[in-house]
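A.B. asks: Structure incoming, see below.
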Amino acid sequence: MRTKKLDSPGPVIISMVQNIGAPCVPVVKPGDYVQTGQLIADSDSFVSAPVYSSVTGKVLEERFILGINGNLEKTLVIEPEKNEILCEKIAPPVIETRAQLIEAVRKSGLVGLGGAGFPTHVKIGYDSEKFNVDTLIINGAECEPYITSDYREFMENSGDVIKGIKLIMKLCAIPHAIIGIEKNRPIAVKLMRELLETEKNIKVKPLPTNYPQGAEKVLIYNTTRRIVKEGQLPLSEGCLILNVSSVAFIARYAETGIPLISRRITIDGNIVNKPSNYLVPVGMTLGELMKKTDLRLQPDRIIFGGPMMGKSVYDLDTPVCKTTGAVLFFKDMPEYRATSCIRCGKCLRACSMNLMPTEFEKAYEMRDLKRLRKLRVNLCMECGSCSYICPAKRNLTERNKLAKDLLRKEL
Amino acid sequence: MSKFIVEPSPHIRGNNTTDKIMTRVLIALVPALVMSVYIFGIRALYLSIVCVGSCVIFEMLYRRLIKKETEIDPSPAVTGLLLAFCLPVTLPYYMAVIGCFIAIVVVKQLFGGLGQNFANPAITARIVLTLSFTAQMTYWAEPFHYRTGQEALDTVSSATSHGADALSGATPLALAEAGEQVPGLWDLFMGFHGGSFGETSGLALIIGFIFLVLTKVIRSVTPLAFVGTVALGALLAPGESVILHVFSGGLLIGAIFMATDYATTPVSIAGKFVFGVGCGLITLVIRFFSDMPEGVSFAILIMNILTFYIDKITFPKPFGMVRESFVFFKKNKEGKKE
């Protein structure tokens, strides 16, 4: 199913916190008239990305909302008008050197579209003297159930994906690239292989369909057999990882100069009649999205992101942000009650980091910081596999998060 | 305003539950139960029902006593059935009930209930019963005695007074030790020999083992390491029969159902291997050098106690972990600074 474009009839709520790093500061005031693609917020900090208006219309107010991460976020509420006017300042950027590429990517407002939302210009702006990066890994291993937005990127914008890869390889002087795609997407693997037949430096690597295949360290190991040491960046192993949608966006931005104002979102769940992908303007609220979705029943739980790592949303005014890859609607999911741990060890074997979630839980209950540190709770990436597999239905991932938080506070 | 459920991720869960796992173990024990009824008569079934029933009742009563939620779950039934399989078919019912009390209340619930006990309840109860009621616990009925028309022993009195009754069949290992004729391979494999009623039939237990491995309830590493070690030991030792050592005594039931008990064995694969080999070695030592009959039981109990330490030394290396080398020196340096 081709991606359909959605427009928001109601006001959009654009959060100033769209990425990991510093929040942005609005550069427009309530009452101002903004055009589509106009800069509305920016920050001086390096680890941040500017925010652009996704609609044409009047800024109604600055509003504080409780974001899905539980923090208070400043937002701009914009009332859209019927006819959309693209901001006249938009022009294709000049990208000839690496510095220009980094500058352009920052200006585009791009953050990692895979879900973590790390500003992409920080990633590609790595210190090339310190890190000898020889492999660009394209993360197309969309491992969470339900989500298909990256898969659609391969299918619909394969040209952009390849252009983006070549651009980054050329300007960052990275000799090799590997595209990792899970084996349950054979059409995407075949398509990319056909398109890249003549390219010797870009390889397509089909990966086993295992969750969490798309996790950074797992992906690096499965594509290059390199192991990222604890506390190190993938760069230290000579790998730069970018999400496939991010790469394709860079190629599109280099051509058109339209900043990141919309993104592809998978809408699915057990009460959605026609699961499909939509191009949704950043800031569209959940309520508006729900009106456009064909739901069988009234949902009782809504998730932003995948079912394994996504966040529960309870407020219909919660806006879609740059990192939202999916919106899932569920009703009457089986509810389980946690029972005693029977030490079956399934969580250990489910953990792709080889950690011991059941031991974390015990150490956390006793607030044993020394043991938590020794067991390397910090390596946990909160993928949710241990909670998923647990036959006693214990909330292991939740404990891991709490334990990590406890360690962070103690430091 | 509609209300939504908010919860930490993950939002979907696997459909495997503790109850399902325990039910699968019960299913895996059914072939052995059927064989035991066939070999030792209907009393094997009655004894199993008594054990399962009293284990479930003890569990419920205890939980009510300490005002914990009383949940009906199949885990005490597993303990009860396993304990029953470790008993001679002639054991008086009240002794079986005492065994169940020891297993459920003393060994399991006093240490915190499901998943918290450090020793296997069934094994420990069997050892306690053997030490308390040695005569009755080592009185082995002859296979198919119920067909001979004679009453299947009115247990206590007959077992003690008759001593070496015509009906009593010693276990193959005891026969071998006494230098007498041991049952043939077929009888050993099918379970047509003396012993605790659930543990004699290798065939039925191996069917259970295959079922448990296929349904991913247990890992095959512990049973294979355990039985493999015993087989290797018997092979290397002069004058010992490998087949006899593998198919007699409680080795198979111990290796398949008790050495794989989650709560009392190591969690990692490496730990499970160490546990299995350790059990095998202790079993060999007891069988070769001791007159005690309970080699497998003591081996598992001793390794249960060591589980904590095995877990400690075999904990899996986290992916990408940098080992703290020369911890000893580091500590000294820090100490000097302070």
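Residues in the structure tokens are numbered from 1 in each chain, the chains being A, B, ... in the order shown, and ligands are numbered from 1 in the order shown.
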Within 10 Å of Arg371 (chain A), counting only C-alpha atoms, which residues qualify if same-chain residues fewer than 5 places away don't, as an MDAnalysis selection string?

C.D. replies: chainID A and resid 359:360 362:364 366 376:377

A.B. asks: I need the contact residues of chain B against chain A, so if you could list those with any atom within 8 Å, counting only C-alpha atoms, and return them as a count of residues only, that would help.

C.D. replies: 30

A.B. asks: Taking only region 142-289 of chain A into account, list the residues labelled strand (DSSP E) by DSSP (computed from the backbone), as a ChimeraX atom specification.

C.D. replies: /A:176-182,202-207,239-243,262-268,276-281

A.B. asks: Any idea what's packed within 12 Å of Ile256 (chain B), counting only C-alpha atoms, ignoring anything in its chain fewer than 6 positions away? Could you give it as a count of residues only?

C.D. replies: 32

A.B. asks: Step one, run DSSP on the backbone; step two, keep only residues of region 58-190 of chain A assigned to helix (DSSP H, G or I); then write them as a short mmCIF file (atom, residue, chain, number, x, y, z; two decimals) with all heavy atoms, in the first residue's frame.

C.D. replies:
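Result file is out.cif:
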data_model
loop_
_atom_site.label_atom_id
_atom_site.label_comp_id
_atom_site.auth_asym_id
_atom_site.auth_seq_id
_atom_site.Cartn_x
_atom_site.Cartn_y
_atom_site.Cartn_z
N ARG A 98 32.30 18.28 2.87
CA ARG A 98 31.73 17.63 4.05
C ARG A 98 31.15 18.67 5.01
O ARG A 98 30.07 18.47 5.57
CB ARG A 98 32.83 16.82 4.74
CG ARG A 98 32.33 16.14 5.96
CD ARG A 98 33.15 14.92 6.32
NE ARG A 98 32.63 14.41 7.58
CZ ARG A 98 33.34 14.35 8.69
NH1 ARG A 98 34.60 14.73 8.71
NH2 ARG A 98 32.78 13.90 9.79
N ALA A 99 31.85 19.79 5.16
CA ALA A 99 31.37 20.83 6.07
C ALA A 99 30.01 21.35 5.61
O ALA A 99 29.10 21.59 6.41
CB ALA A 99 32.38 21.97 6.13
N GLN A 100 29.87 21.49 4.29
CA GLN A 100 28.59 21.96 3.76
C GLN A 100 27.49 20.94 4.00
O GLN A 100 26.35 21.28 4.28
CB GLN A 100 28.71 22.25 2.26
CG GLN A 100 29.32 23.61 1.98
CD GLN A 100 29.61 23.80 0.51
OE1 GLN A 100 29.71 22.84 -0.25
NE2 GLN A 100 29.77 25.06 0.10
N LEU A 101 27.84 19.66 3.88
CA LEU A 101 26.87 18.61 4.11
C LEU A 101 26.37 18.66 5.56
O LEU A 101 25.17 18.63 5.82
CB LEU A 101 27.48 17.24 3.81
CG LEU A 101 26.59 16.04 4.13
CD1 LEU A 101 25.45 15.92 3.15
CD2 LEU A 101 27.38 14.74 4.16
N ILE A 102 27.34 18.77 6.49
CA ILE A 102 26.96 18.79 7.90
C ILE A 102 26.07 19.99 8.19
O ILE A 102 25.05 19.90 8.86
CB ILE A 102 28.24 18.81 8.78
CG1 ILE A 102 29.02 17.51 8.59
CG2 ILE A 102 27.89 19.01 10.25
CD1 ILE A 102 30.44 17.55 9.08
N GLU A 103 26.47 21.14 7.63
CA GLU A 103 25.69 22.36 7.83
C GLU A 103 24.28 22.21 7.25
O GLU A 103 23.28 22.56 7.88
CB GLU A 103 26.43 23.53 7.16
CG GLU A 103 25.76 24.88 7.30
CD GLU A 103 25.47 25.26 8.75
OE1 GLU A 103 26.25 24.85 9.63
OE2 GLU A 103 24.45 25.94 9.00
N ALA A 104 24.21 21.62 6.06
CA ALA A 104 22.91 21.47 5.40
C ALA A 104 22.02 20.51 6.18
O ALA A 104 20.82 20.75 6.34
CB ALA A 104 23.11 20.97 3.97
N VAL A 105 22.62 19.41 6.68
CA VAL A 105 21.82 18.44 7.42
C VAL A 105 21.31 19.07 8.71
O VAL A 105 20.16 18.86 9.12
CB VAL A 105 22.65 17.16 7.71
CG1 VAL A 105 21.92 16.25 8.67
CG2 VAL A 105 22.93 16.42 6.43
N ARG A 106 22.14 19.89 9.34
CA ARG A 106 21.65 20.57 10.54
C ARG A 106 20.49 21.48 10.19
O ARG A 106 19.46 21.50 10.86
CB ARG A 106 22.77 21.38 11.20
CG ARG A 106 22.22 22.12 12.41
CD ARG A 106 23.20 23.00 13.12
NE ARG A 106 22.44 24.03 13.83
CZ ARG A 106 21.87 23.84 15.01
NH1 ARG A 106 21.97 22.69 15.61
NH2 ARG A 106 21.19 24.81 15.58
N LYS A 107 20.66 22.22 9.10
CA LYS A 107 19.62 23.17 8.70
C LYS A 107 18.31 22.47 8.34
O LYS A 107 17.24 23.03 8.49
CB LYS A 107 20.12 23.98 7.50
CG LYS A 107 20.41 25.43 7.84
CD LYS A 107 20.71 26.18 6.58
CE LYS A 107 20.42 27.66 6.74
NZ LYS A 107 20.82 28.38 5.53
N SER A 108 18.42 21.24 7.85
CA SER A 108 17.22 20.53 7.42
C SER A 108 16.35 20.11 8.60
O SER A 108 15.20 19.74 8.43
CB SER A 108 17.60 19.29 6.62
OG SER A 108 18.10 18.31 7.49
N THR A 120 21.07 14.12 13.25
CA THR A 120 21.93 13.40 12.30
C THR A 120 23.21 14.16 12.00
O THR A 120 24.25 13.54 11.77
CB THR A 120 21.13 13.16 11.00
OG1 THR A 120 19.91 12.54 11.35
CG2 THR A 120 21.89 12.27 10.05
N HIS A 121 23.17 15.50 12.03
CA HIS A 121 24.40 16.23 11.70
C HIS A 121 25.49 15.96 12.73
O HIS A 121 26.67 16.06 12.43
CB HIS A 121 24.12 17.73 11.56
CG HIS A 121 23.78 18.40 12.85
ND1 HIS A 121 22.49 18.44 13.33
CD2 HIS A 121 24.54 19.02 13.77
CE1 HIS A 121 22.49 19.09 14.49
NE2 HIS A 121 23.71 19.44 14.78
N VAL A 122 25.09 15.64 13.96
CA VAL A 122 26.09 15.33 14.98
C VAL A 122 26.76 14.00 14.63
O VAL A 122 27.96 13.83 14.77
CB VAL A 122 25.43 15.25 16.38
CG1 VAL A 122 26.47 14.96 17.44
CG2 VAL A 122 24.69 16.53 16.68
N LYS A 123 25.94 13.07 14.14
CA LYS A 123 26.48 11.75 13.79
C LYS A 123 27.47 11.87 12.63
O LYS A 123 28.59 11.37 12.72
CB LYS A 123 25.33 10.84 13.36
CG LYS A 123 24.89 9.88 14.43
CD LYS A 123 23.97 8.84 13.79
CE LYS A 123 23.41 7.92 14.83
NZ LYS A 123 22.44 7.02 14.23
N ILE A 124 27.05 12.52 11.53
CA ILE A 124 27.95 12.56 10.38
C ILE A 124 29.04 13.61 10.57
O ILE A 124 30.01 13.64 9.83
CB ILE A 124 27.20 12.79 9.04
CG1 ILE A 124 26.41 14.09 9.09
CG2 ILE A 124 26.31 11.64 8.69
CD1 ILE A 124 25.81 14.44 7.75
N SER A 149 7.26 1.40 8.19
CA SER A 149 7.51 2.67 7.50
C SER A 149 8.86 2.67 6.79
O SER A 149 8.98 3.21 5.69
CB SER A 149 7.37 3.85 8.46
OG SER A 149 8.30 3.76 9.50
N ASP A 150 9.89 2.05 7.38
CA ASP A 150 11.18 2.00 6.70
C ASP A 150 11.12 1.10 5.47
O ASP A 150 11.77 1.35 4.46
CB ASP A 150 12.27 1.50 7.66
CG ASP A 150 12.70 2.58 8.63
OD1 ASP A 150 12.31 3.74 8.41
OD2 ASP A 150 13.41 2.27 9.59
N TYR A 151 10.32 0.05 5.58
CA TYR A 151 10.14 -0.86 4.44
C TYR A 151 9.54 -0.09 3.27
O TYR A 151 9.98 -0.22 2.12
CB TYR A 151 9.23 -2.01 4.88
CG TYR A 151 8.78 -2.91 3.78
CD1 TYR A 151 9.69 -3.64 3.03
CD2 TYR A 151 7.42 -3.04 3.48
CE1 TYR A 151 9.27 -4.49 2.02
CE2 TYR A 151 6.99 -3.88 2.48
CZ TYR A 151 7.92 -4.60 1.75
OH TYR A 151 7.49 -5.43 0.75
N ARG A 152 8.56 0.75 3.56
CA ARG A 152 7.94 1.54 2.49
C ARG A 152 8.95 2.52 1.90
O ARG A 152 8.89 2.85 0.71
CB ARG A 152 6.70 2.30 2.99
CG ARG A 152 5.54 1.44 3.39
CD ARG A 152 5.15 0.42 2.36
NE ARG A 152 4.87 0.96 1.03
CZ ARG A 152 4.65 0.22 -0.04
NH1 ARG A 152 4.68 -1.09 0.06
NH2 ARG A 152 4.41 0.77 -1.20
N GLU A 153 9.87 3.01 2.72
CA GLU A 153 10.91 3.92 2.21
C GLU A 153 11.73 3.21 1.13
O GLU A 153 12.01 3.76 0.08
CB GLU A 153 11.81 4.37 3.36
CG GLU A 153 12.74 5.52 3.03
CD GLU A 153 11.99 6.85 2.93
OE1 GLU A 153 11.13 7.12 3.78
OE2 GLU A 153 12.28 7.62 2.00
N PHE A 154 12.12 1.95 1.41
CA PHE A 154 12.86 1.17 0.42
C PHE A 154 12.04 1.02 -0.86
O PHE A 154 12.55 1.16 -1.97
CB PHE A 154 13.14 -0.24 0.96
CG PHE A 154 14.35 -0.33 1.83
CD1 PHE A 154 14.25 -0.81 3.12
CD2 PHE A 154 15.60 0.03 1.35
CE1 PHE A 154 15.37 -0.91 3.92
CE2 PHE A 154 16.72 -0.07 2.15
CZ PHE A 154 16.60 -0.54 3.44
N MET A 155 10.75 0.71 -0.69
CA MET A 155 9.94 0.37 -1.85
C MET A 155 9.59 1.60 -2.67
O MET A 155 9.56 1.56 -3.90
CB MET A 155 8.65 -0.32 -1.41
CG MET A 155 8.85 -1.62 -0.66
SD MET A 155 9.92 -2.77 -1.53
CE MET A 155 8.87 -3.18 -2.93
N GLU A 156 9.31 2.73 -1.99
CA GLU A 156 8.82 3.90 -2.72
C GLU A 156 9.93 4.85 -3.12
O GLU A 156 9.85 5.51 -4.14
CB GLU A 156 7.78 4.64 -1.86
CG GLU A 156 6.49 3.85 -1.72
CD GLU A 156 5.58 4.44 -0.66
OE1 GLU A 156 5.67 5.64 -0.39
OE2 GLU A 156 4.78 3.68 -0.10
N SER A 158 13.43 4.17 -3.31
CA SER A 158 14.72 3.48 -3.37
C SER A 158 15.80 4.34 -4.03
O SER A 158 16.97 4.29 -3.64
CB SER A 158 14.57 2.15 -4.10
OG SER A 158 13.78 2.33 -5.25
N GLY A 159 15.39 5.15 -5.02
CA GLY A 159 16.35 6.04 -5.67
C GLY A 159 16.96 7.02 -4.69
O GLY A 159 18.18 7.23 -4.66
N ASP A 160 16.11 7.61 -3.83
CA ASP A 160 16.60 8.56 -2.83
C ASP A 160 17.55 7.88 -1.85
O ASP A 160 18.56 8.46 -1.45
CB ASP A 160 15.42 9.15 -2.05
CG ASP A 160 14.60 10.10 -2.91
OD1 ASP A 160 15.13 10.53 -3.95
OD2 ASP A 160 13.45 10.40 -2.53
N VAL A 161 17.21 6.63 -1.47
CA VAL A 161 18.06 5.91 -0.52
C VAL A 161 19.47 5.78 -1.09
O VAL A 161 20.46 6.11 -0.43
CB VAL A 161 17.47 4.51 -0.22
CG1 VAL A 161 18.42 3.71 0.66
CG2 VAL A 161 16.11 4.62 0.44
N ILE A 162 19.54 5.36 -2.36
CA ILE A 162 20.86 5.14 -2.97
C ILE A 162 21.60 6.46 -3.16
O ILE A 162 22.79 6.58 -2.86
CB ILE A 162 20.70 4.38 -4.31
CG1 ILE A 162 20.18 2.97 -4.00
CG2 ILE A 162 22.01 4.32 -5.07
CD1 ILE A 162 19.70 2.23 -5.20
N LYS A 163 20.87 7.48 -3.59
CA LYS A 163 21.50 8.81 -3.76
C LYS A 163 22.07 9.31 -2.44
O LYS A 163 23.19 9.82 -2.37
CB LYS A 163 20.46 9.81 -4.28
CG LYS A 163 20.50 9.99 -5.79
CD LYS A 163 19.53 11.08 -6.19
CE LYS A 163 18.55 10.55 -7.24
NZ LYS A 163 17.36 11.40 -7.37
N GLY A 164 21.28 9.14 -1.39
CA GLY A 164 21.72 9.60 -0.06
C GLY A 164 22.97 8.86 0.39
O GLY A 164 23.91 9.47 0.90
N ILE A 165 22.98 7.54 0.18
CA ILE A 165 24.14 6.75 0.58
C ILE A 165 25.38 7.24 -0.17
O ILE A 165 26.44 7.47 0.43
CB ILE A 165 23.91 5.25 0.29
CG1 ILE A 165 22.77 4.71 1.16
CG2 ILE A 165 25.17 4.44 0.55
CD1 ILE A 165 22.33 3.31 0.80
N LYS A 166 25.22 7.42 -1.48
CA LYS A 166 26.38 7.83 -2.29
C LYS A 166 26.89 9.20 -1.86
O LYS A 166 28.10 9.43 -1.80
CB LYS A 166 25.98 7.85 -3.76
CG LYS A 166 25.94 6.46 -4.35
CD LYS A 166 25.64 6.55 -5.83
CE LYS A 166 25.52 5.17 -6.44
NZ LYS A 166 24.87 5.25 -7.76
N LEU A 167 25.95 10.10 -1.56
CA LEU A 167 26.33 11.46 -1.15
C LEU A 167 27.17 11.41 0.12
O LEU A 167 28.25 12.03 0.21
CB LEU A 167 25.06 12.29 -0.92
CG LEU A 167 25.25 13.77 -0.62
CD1 LEU A 167 25.71 14.50 -1.87
CD2 LEU A 167 23.96 14.39 -0.10
N ILE A 168 26.69 10.65 1.09
CA ILE A 168 27.42 10.59 2.36
C ILE A 168 28.75 9.88 2.19
O ILE A 168 29.79 10.32 2.71
CB ILE A 168 26.55 9.90 3.44
CG1 ILE A 168 25.33 10.78 3.73
CG2 ILE A 168 27.35 9.67 4.71
CD1 ILE A 168 24.27 10.09 4.52
N MET A 169 28.75 8.79 1.42
CA MET A 169 30.01 8.07 1.20
C MET A 169 31.05 8.97 0.55
O MET A 169 32.22 8.95 0.90
CB MET A 169 29.76 6.84 0.33
CG MET A 169 29.12 5.68 1.07
SD MET A 169 28.64 4.36 -0.05
CE MET A 169 30.22 3.62 -0.41
N LYS A 170 30.58 9.77 -0.42
CA LYS A 170 31.52 10.61 -1.17
C LYS A 170 32.07 11.72 -0.28
O LYS A 170 33.28 11.90 -0.17
CB LYS A 170 30.78 11.21 -2.37
CG LYS A 170 31.68 11.89 -3.39
CD LYS A 170 30.86 12.41 -4.56
CE LYS A 170 31.23 13.86 -4.84
NZ LYS A 170 30.14 14.55 -5.54
N LEU A 171 31.18 12.43 0.41
CA LEU A 171 31.62 13.61 1.13
C LEU A 171 32.32 13.26 2.45
O LEU A 171 33.19 13.99 2.90
CB LEU A 171 30.45 14.55 1.38
CG LEU A 171 29.88 15.17 0.10
CD1 LEU A 171 28.71 16.07 0.41
CD2 LEU A 171 30.94 15.93 -0.68
N CYS A 172 31.92 12.15 3.08
CA CYS A 172 32.58 11.77 4.33
C CYS A 172 33.74 10.82 4.07
O CYS A 172 34.37 10.36 5.02
CB CYS A 172 31.59 11.12 5.29
SG CYS A 172 30.29 12.24 5.81
N PRO A 186 11.72 -9.82 1.73
CA PRO A 186 12.49 -10.29 0.56
C PRO A 186 12.36 -9.37 -0.64
O PRO A 186 13.30 -9.23 -1.43
CB PRO A 186 11.90 -11.68 0.27
CG PRO A 186 10.58 -11.69 0.94
CD PRO A 186 10.67 -10.77 2.10
N ILE A 187 11.21 -8.69 -0.79
CA ILE A 187 11.02 -7.83 -1.97
C ILE A 187 11.97 -6.64 -1.88
O ILE A 187 12.58 -6.25 -2.88
CB ILE A 187 9.55 -7.36 -2.06
CG1 ILE A 187 8.62 -8.58 -1.97
CG2 ILE A 187 9.31 -6.63 -3.37
CD1 ILE A 187 7.16 -8.22 -1.87
N ALA A 188 12.12 -6.09 -0.68
CA ALA A 188 13.02 -4.95 -0.51
C ALA A 188 14.45 -5.38 -0.77
O ALA A 188 15.23 -4.66 -1.42
CB ALA A 188 12.88 -4.37 0.89
N VAL A 189 14.83 -6.57 -0.28
CA VAL A 189 16.19 -7.07 -0.49
C VAL A 189 16.44 -7.22 -2.00
O VAL A 189 17.47 -6.78 -2.52
CB VAL A 189 16.39 -8.43 0.22
CG1 VAL A 189 17.74 -9.03 -0.14
CG2 VAL A 189 16.25 -8.27 1.72
N LYS A 190 15.47 -7.80 -2.71
CA LYS A 190 15.62 -8.04 -4.14
C LYS A 190 15.72 -6.72 -4.91
O LYS A 190 16.60 -6.53 -5.75
CB LYS A 190 14.41 -8.84 -4.63
CG LYS A 190 14.64 -9.53 -5.96
CD LYS A 190 13.53 -10.53 -6.24
CE LYS A 190 13.40 -10.74 -7.73
NZ LYS A 190 12.15 -10.26 -8.28
#

A.B. asks: I'd like the neighbourhood of Val274 (chain B) as a PyMOL selection string, where a residue qualifies if any of its atoms comes within 10 Å (using only C-alpha atoms), though same-chain residues fewer than 2 positions away should be ignored.

C.D. replies: chain B and resi 221-222+225-226+266+268-272+276-280+303+307+310-311+314

A.B. asks: Within 10 Å of Pro50 (chain A), counting only C-alpha atoms, which residues qualify if same-chain residues fewer than 6 places away don't, as a list in words?

C.D. replies: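 Final neighbour list, sorted by chain and number: Met16, Gln18, Asn19, Pro23, Cys24, Val25, Pro26, Leu39, Ile40, Ala41, Asp42, Ser43, Asp44, Arg106, Lys107, Ser108, Gly109, Leu110, Val111, Pro119, Pro259 and Leu260 of chain A.
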
A.B. asks: What gap, in Å, lies between CA of Val327 (chain A) and CA of Lys5 (chain A)?

C.D. replies: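 Calculated distance between CA of Val327 (chain A) and CA of Lys5 (chain A) is 15.3 Å.
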
A.B. asks: Using only C-alpha atoms, which residues sit within 12 Å of Asp291 (chain B) once same-chain residues fewer than 4 positions away are excluded, as a PyMOL selection string?

C.D. replies: chain B and resi 173-174+177-178+285-287+295
